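What follows is a set of notes on a single structure, which appears directly below.
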Amino acid sequence: MPQTLRTRHYARRLITAALTITVMAGTAGWTVAHEEQAITGPPPGTAAWLADHSLGGAGRELPDPATASPAGIARFFDRLTEVQRKALVIRHPEVVGNLDGAPLSLRYEANARSIRAAWHKEREADPKSPLAERYAALLRPGRQILAFDPRGRGQVAEVYGDLAAARRTAVIVPGSDIDLDDFDRTGHPYGTPAGMARSLRARMAEDAPATPTAVIAWVGYTTPVGLGPDAATSRLAKAGAPRLDRFLAGLAVTTAATADAPPAVFCHSYGSVVCGLAASAMDRTRVSDLVVLGSPGMRADSAAGLRTGARVWAARDRTDWIRRVTGYDFLGLGHGDDPTDPSFGARVVSSESAHGHTGYFAPGTDSLRNFSRIALGDFDGVRCAEEDGGGPGTGPDCRQGLV
């Protein structure tokens with residue numbers, strides 16, 4: 001990098017960091033009060049699960065959710081009869097529903113039981129509880145809840161499509177201000193994980209109607225709330241990255257038999273920080289493509305620095321405010337270089353017609369069209385950033401060298 005450009009780049013980092021510190025200092029009382037406690041470790045109900053010796057005999061103990069690999073979990077369930085599987089769902093729905101590597105149908109059934117129990121409990125405490133309404137919504141017919149954890153602000157993952165039969169799949173990893181309450185709010189459909197997933201799957205079905213597809217909206221980590229240290233630092237992302245890694249490892253053993261390729265993972269905003277920290281575990285057996293959109297950075301200086309086998313893509317529209325706070329890491333604040341900068345080395349795609357920080361999955365946008373083509377492996381149909389007349393990441397053809 002020429003000296004003048006390097007100086008400007010460093011100056012911009014200092015200015016952006018100073019601006020962030022000023023904003024945070026002005027809201028210090030608010031942000032400290034709202035610092036989030038990350039939900040980590042095994043699912044609720046694990047102690048009772050480990051104490052269950054109903055299968056009987058040495059070597060038939062239930063696997064420890066904290067240490068058993070998803071592949072080991074899959075092998076365990078393969079050895080069980082259908083009656084034994086159902087019994088575990090009935091006795092330990094909270095564990096089975098969140099056990100990466102367990103059969104998909106068992107997880108759906110277990111989570112329906114867990115949510116129903118939480119709904120009854122909440123209604124007994126307060127018949128008009130908004131949380132009871134959220135639980136009731138998750139119990140509507142046809143919903144496929146792949147993970148459910150009511151601790152903290154709540155975590156949930158939902159499948160759109162037939163994941164067991166899908167040949168092409170995608171995973172949505174959201175950013176700040178997303179939890180059980182905001183998972184699928186109706187007032188802002190394309191800014192929620194559920195809305196993003198529905199929109200992407202609809203576009204994939206339009207682009208490849210003969211290809212079975214599925215999209216997963218994954219809220220499996222504690223997200224930041226508002227502006228403050230949680231959003232400006234990687235603390236919550238570091239807690240969430242191992243959970244994402246384990247989730248993807250679970251998908252690899254439960255969907256590999258039918259899928260044409262591993263899933264494409266789409267990481268929005270702070271979710272891209274989580275994905276950046278989890279990227280080194282994303283080899284091509286787990287993830288085909290890693291796509292970041294509206295990213296403040298990925299805790300890496302370059303795509304190569306992510307040490308992932310997945311293809312790395314990036315998108316940012318011209319009206320996204322995130323451009324003001326990306327591209328720096330100063331005194332623990334910020335998340336590193338801008339993934340849409342040509343020097344980062346990601347494949348930068350057009351997001352023409354997208355608007356703001358949450359408009360990337362809106363119908364009619366280049367970003368949604370590109371995301372669908374990437375998830376389907378139709379790289380000839382991807383439109384690069386330089387083709388939309390400029391914008392961030394204008395540089396080499398983003399399709400170069402793709403196979």
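Residues are referred to by chain and number: the chain letter is A, B, ... according to the order shown in the structure tokens, the number counts from 1 in that chain, and ligands are numbered separately from 1 in the order shown.
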Please list as a ChimeraX atom specification every residue within 10 Å of Ala118 in chain A, counting only C-alpha atoms and excluding residues in the same chain fewer than 6 positions away. /A:112,124,131-132,135-136,150
Would you kindly return, as a list of chain:residue names, each protein, DNA or RNA residue with an atom no farther than 12 Å from any atom of Ile73 in chain A, considering only C-alpha atoms and excluding same-chain residues fewer than 6 positions away?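 Final neighbour list, sorted by chain and number: A:Glu61, A:Leu62, A:Pro63, A:Asp64, A:Pro65, A:Ala66, A:Thr67, A:Arg79, A:Leu80, A:Val95, A:Val96, A:Asn98, A:Leu99, A:Asp100, A:Gly101, A:Ala102, A:Pro103, A:Arg246, A:Ala249, A:Gly250, A:Leu251, A:Val253, A:Thr254.
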Restricting the calculation to only C-alpha atoms: of A:Tyr190, A:Phe77, A:Tyr160, A:Phe183, which residue gets closest to Thr365 in chain A?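 Smallest separation from Thr365 in chain A among the options: A:Tyr190.
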Find the residues near range 282-287 of chain A: any atom within 12 Å, counting only C-alpha atoms, skip ones fewer than 5 places away on the same chain, and give them as a ChimeraX atom specification. /A:168-171,241-242,244-256,259-266,275-277,306-312,375
Just the residues within 7 Å of Ser302 in chain A, please, counting only C-alpha atoms, with nothing from its chain fewer than 2 positions along; format it as a PyMOL selection string. chain A and resi 300+304-306+344-345
Per residue of range 196-298 of chain A within 9 Å of range 321-327 of chain A, record the nearest atom pair and its distance in Å to one decimal, counting only C-alpha atoms, with rows in chain order and ascending residue number, as JSON lines.
```
{"residue": "A:Ser269", "atom": "CA", "partner": "A:Ile322", "partner_atom": "CA", "distance": 8.0}
{"residue": "A:Gly294", "atom": "CA", "partner": "A:Ile322", "partner_atom": "CA", "distance": 6.3}
{"residue": "A:Ser295", "atom": "CA", "partner": "A:Ile322", "partner_atom": "CA", "distance": 7.0}
{"residue": "A:Pro296", "atom": "CA", "partner": "A:Thr326", "partner_atom": "CA", "distance": 4.4}
{"residue": "A:Gly297", "atom": "CA", "partner": "A:Thr326", "partner_atom": "CA", "distance": 6.0}
```
Out of A:Gly72, A:Lys238, A:Gly334, A:Phe371, which residue has the shortest atom-to-atom distance to Leu293 in chain A when counting only C-alpha atoms? A:Phe371
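Restricting the calculation to only C-alpha atoms, the smallest distance between Ala281 in chain A and any of A:Asp179, A:Ala38, A:Pro127, A:Arg243 is found for A:Arg243.
Atom pair CA of Ser129 in chain A / CA of Leu227 in chain A: separated by 27.7 Å.
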Per DSSP on the backbone, what are the helix (DSSP H, G or I) residues of range 93-181 of chain A, as a ChimeraX atom specification? /A:93-96,104-125,130-138
Include N, CA and C atoms and write out the residues we just selected as a short mmCIF file (atom, residue, chain, number, x, y, z; two decimals), in the first residue's frame.
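To be explicit, this is the file written out as selection_26.cif:
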```
data_model
loop_
_atom_site.label_atom_id
_atom_site.label_comp_id
_atom_site.auth_asym_id
_atom_site.auth_seq_id
_atom_site.Cartn_x
_atom_site.Cartn_y
_atom_site.Cartn_z
N PRO A 93 -37.01 -33.05 26.38
CA PRO A 93 -37.19 -32.26 25.16
C PRO A 93 -36.23 -31.09 25.04
N GLU A 94 -35.87 -30.46 26.17
CA GLU A 94 -34.97 -29.30 26.10
C GLU A 94 -33.60 -29.69 25.58
N VAL A 95 -33.14 -30.87 25.91
CA VAL A 95 -31.83 -31.32 25.44
C VAL A 95 -31.91 -31.81 24.00
N VAL A 96 -32.82 -32.72 23.72
CA VAL A 96 -32.91 -33.29 22.36
C VAL A 96 -33.15 -32.20 21.33
N LEU A 104 -33.30 -34.64 12.61
CA LEU A 104 -34.07 -33.40 12.48
C LEU A 104 -35.50 -33.56 13.00
N SER A 105 -36.16 -34.65 12.65
CA SER A 105 -37.56 -34.83 13.05
C SER A 105 -37.70 -34.88 14.57
N LEU A 106 -36.71 -35.48 15.25
CA LEU A 106 -36.76 -35.53 16.71
C LEU A 106 -36.59 -34.14 17.30
N ARG A 107 -35.73 -33.34 16.70
CA ARG A 107 -35.52 -31.98 17.21
C ARG A 107 -36.78 -31.14 17.04
N TYR A 108 -37.44 -31.26 15.91
CA TYR A 108 -38.68 -30.52 15.70
C TYR A 108 -39.71 -30.90 16.77
N GLU A 109 -39.85 -32.21 16.99
CA GLU A 109 -40.84 -32.67 17.97
C GLU A 109 -40.47 -32.24 19.38
N ALA A 110 -39.19 -32.36 19.72
CA ALA A 110 -38.75 -31.99 21.07
C ALA A 110 -38.96 -30.51 21.33
N ASN A 111 -38.64 -29.67 20.34
CA ASN A 111 -38.80 -28.23 20.54
C ASN A 111 -40.26 -27.82 20.62
N ALA A 112 -41.12 -28.51 19.89
CA ALA A 112 -42.56 -28.23 20.02
C ALA A 112 -43.02 -28.53 21.45
N ARG A 113 -42.50 -29.59 22.04
CA ARG A 113 -42.85 -29.92 23.43
C ARG A 113 -42.31 -28.86 24.39
N SER A 114 -41.07 -28.45 24.19
CA SER A 114 -40.46 -27.44 25.07
C SER A 114 -41.21 -26.12 24.99
N ILE A 115 -41.56 -25.71 23.79
CA ILE A 115 -42.25 -24.43 23.61
C ILE A 115 -43.65 -24.50 24.21
N ARG A 116 -44.31 -25.63 24.04
CA ARG A 116 -45.66 -25.78 24.62
C ARG A 116 -45.60 -25.71 26.14
N ALA A 117 -44.59 -26.33 26.73
CA ALA A 117 -44.44 -26.28 28.19
C ALA A 117 -44.16 -24.86 28.65
N ALA A 118 -43.30 -24.13 27.90
CA ALA A 118 -43.00 -22.74 28.25
C ALA A 118 -44.24 -21.87 28.11
N TRP A 119 -45.04 -22.15 27.10
CA TRP A 119 -46.29 -21.40 26.88
C TRP A 119 -47.26 -21.59 28.05
N HIS A 120 -47.45 -22.84 28.47
CA HIS A 120 -48.34 -23.11 29.61
C HIS A 120 -47.84 -22.41 30.87
N LYS A 121 -46.55 -22.48 31.10
CA LYS A 121 -45.97 -21.87 32.30
C LYS A 121 -46.16 -20.35 32.27
N GLU A 122 -45.95 -19.74 31.12
CA GLU A 122 -46.07 -18.28 31.02
C GLU A 122 -47.52 -17.84 31.16
N ARG A 123 -48.44 -18.60 30.59
CA ARG A 123 -49.87 -18.26 30.69
C ARG A 123 -50.36 -18.37 32.12
N GLU A 124 -49.86 -19.35 32.86
CA GLU A 124 -50.25 -19.48 34.27
C GLU A 124 -49.77 -18.30 35.09
N ALA A 125 -48.58 -17.79 34.74
CA ALA A 125 -48.03 -16.65 35.47
C ALA A 125 -48.72 -15.35 35.08
N PRO A 130 -47.02 -10.99 26.76
CA PRO A 130 -46.57 -10.96 25.36
C PRO A 130 -45.68 -12.15 25.03
N LEU A 131 -44.92 -12.63 26.02
CA LEU A 131 -44.06 -13.79 25.79
C LEU A 131 -44.89 -15.03 25.49
N ALA A 132 -46.02 -15.17 26.17
CA ALA A 132 -46.90 -16.30 25.87
C ALA A 132 -47.39 -16.24 24.43
N GLU A 133 -47.63 -15.03 23.94
CA GLU A 133 -48.04 -14.86 22.54
C GLU A 133 -46.93 -15.28 21.60
N ARG A 134 -45.69 -14.96 21.95
CA ARG A 134 -44.56 -15.36 21.11
C ARG A 134 -44.46 -16.88 21.06
N TYR A 135 -44.60 -17.52 22.21
CA TYR A 135 -44.56 -18.98 22.23
C TYR A 135 -45.69 -19.57 21.39
N ALA A 136 -46.87 -18.98 21.52
CA ALA A 136 -48.01 -19.48 20.74
C ALA A 136 -47.74 -19.37 19.24
N ALA A 137 -47.09 -18.28 18.84
CA ALA A 137 -46.77 -18.10 17.42
C ALA A 137 -45.81 -19.19 16.93
N LEU A 138 -44.86 -19.56 17.77
CA LEU A 138 -43.90 -20.60 17.39
C LEU A 138 -44.56 -21.97 17.29
#
```
Which of these residues is nearest to Thr213 in chain A, using only C-alpha atoms: A:Thr358, A:Thr319, A:Ser372, A:Ser234?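 Once distances to Thr213 in chain A are computed over only C-alpha atoms, the minimum belongs to A:Ser372.
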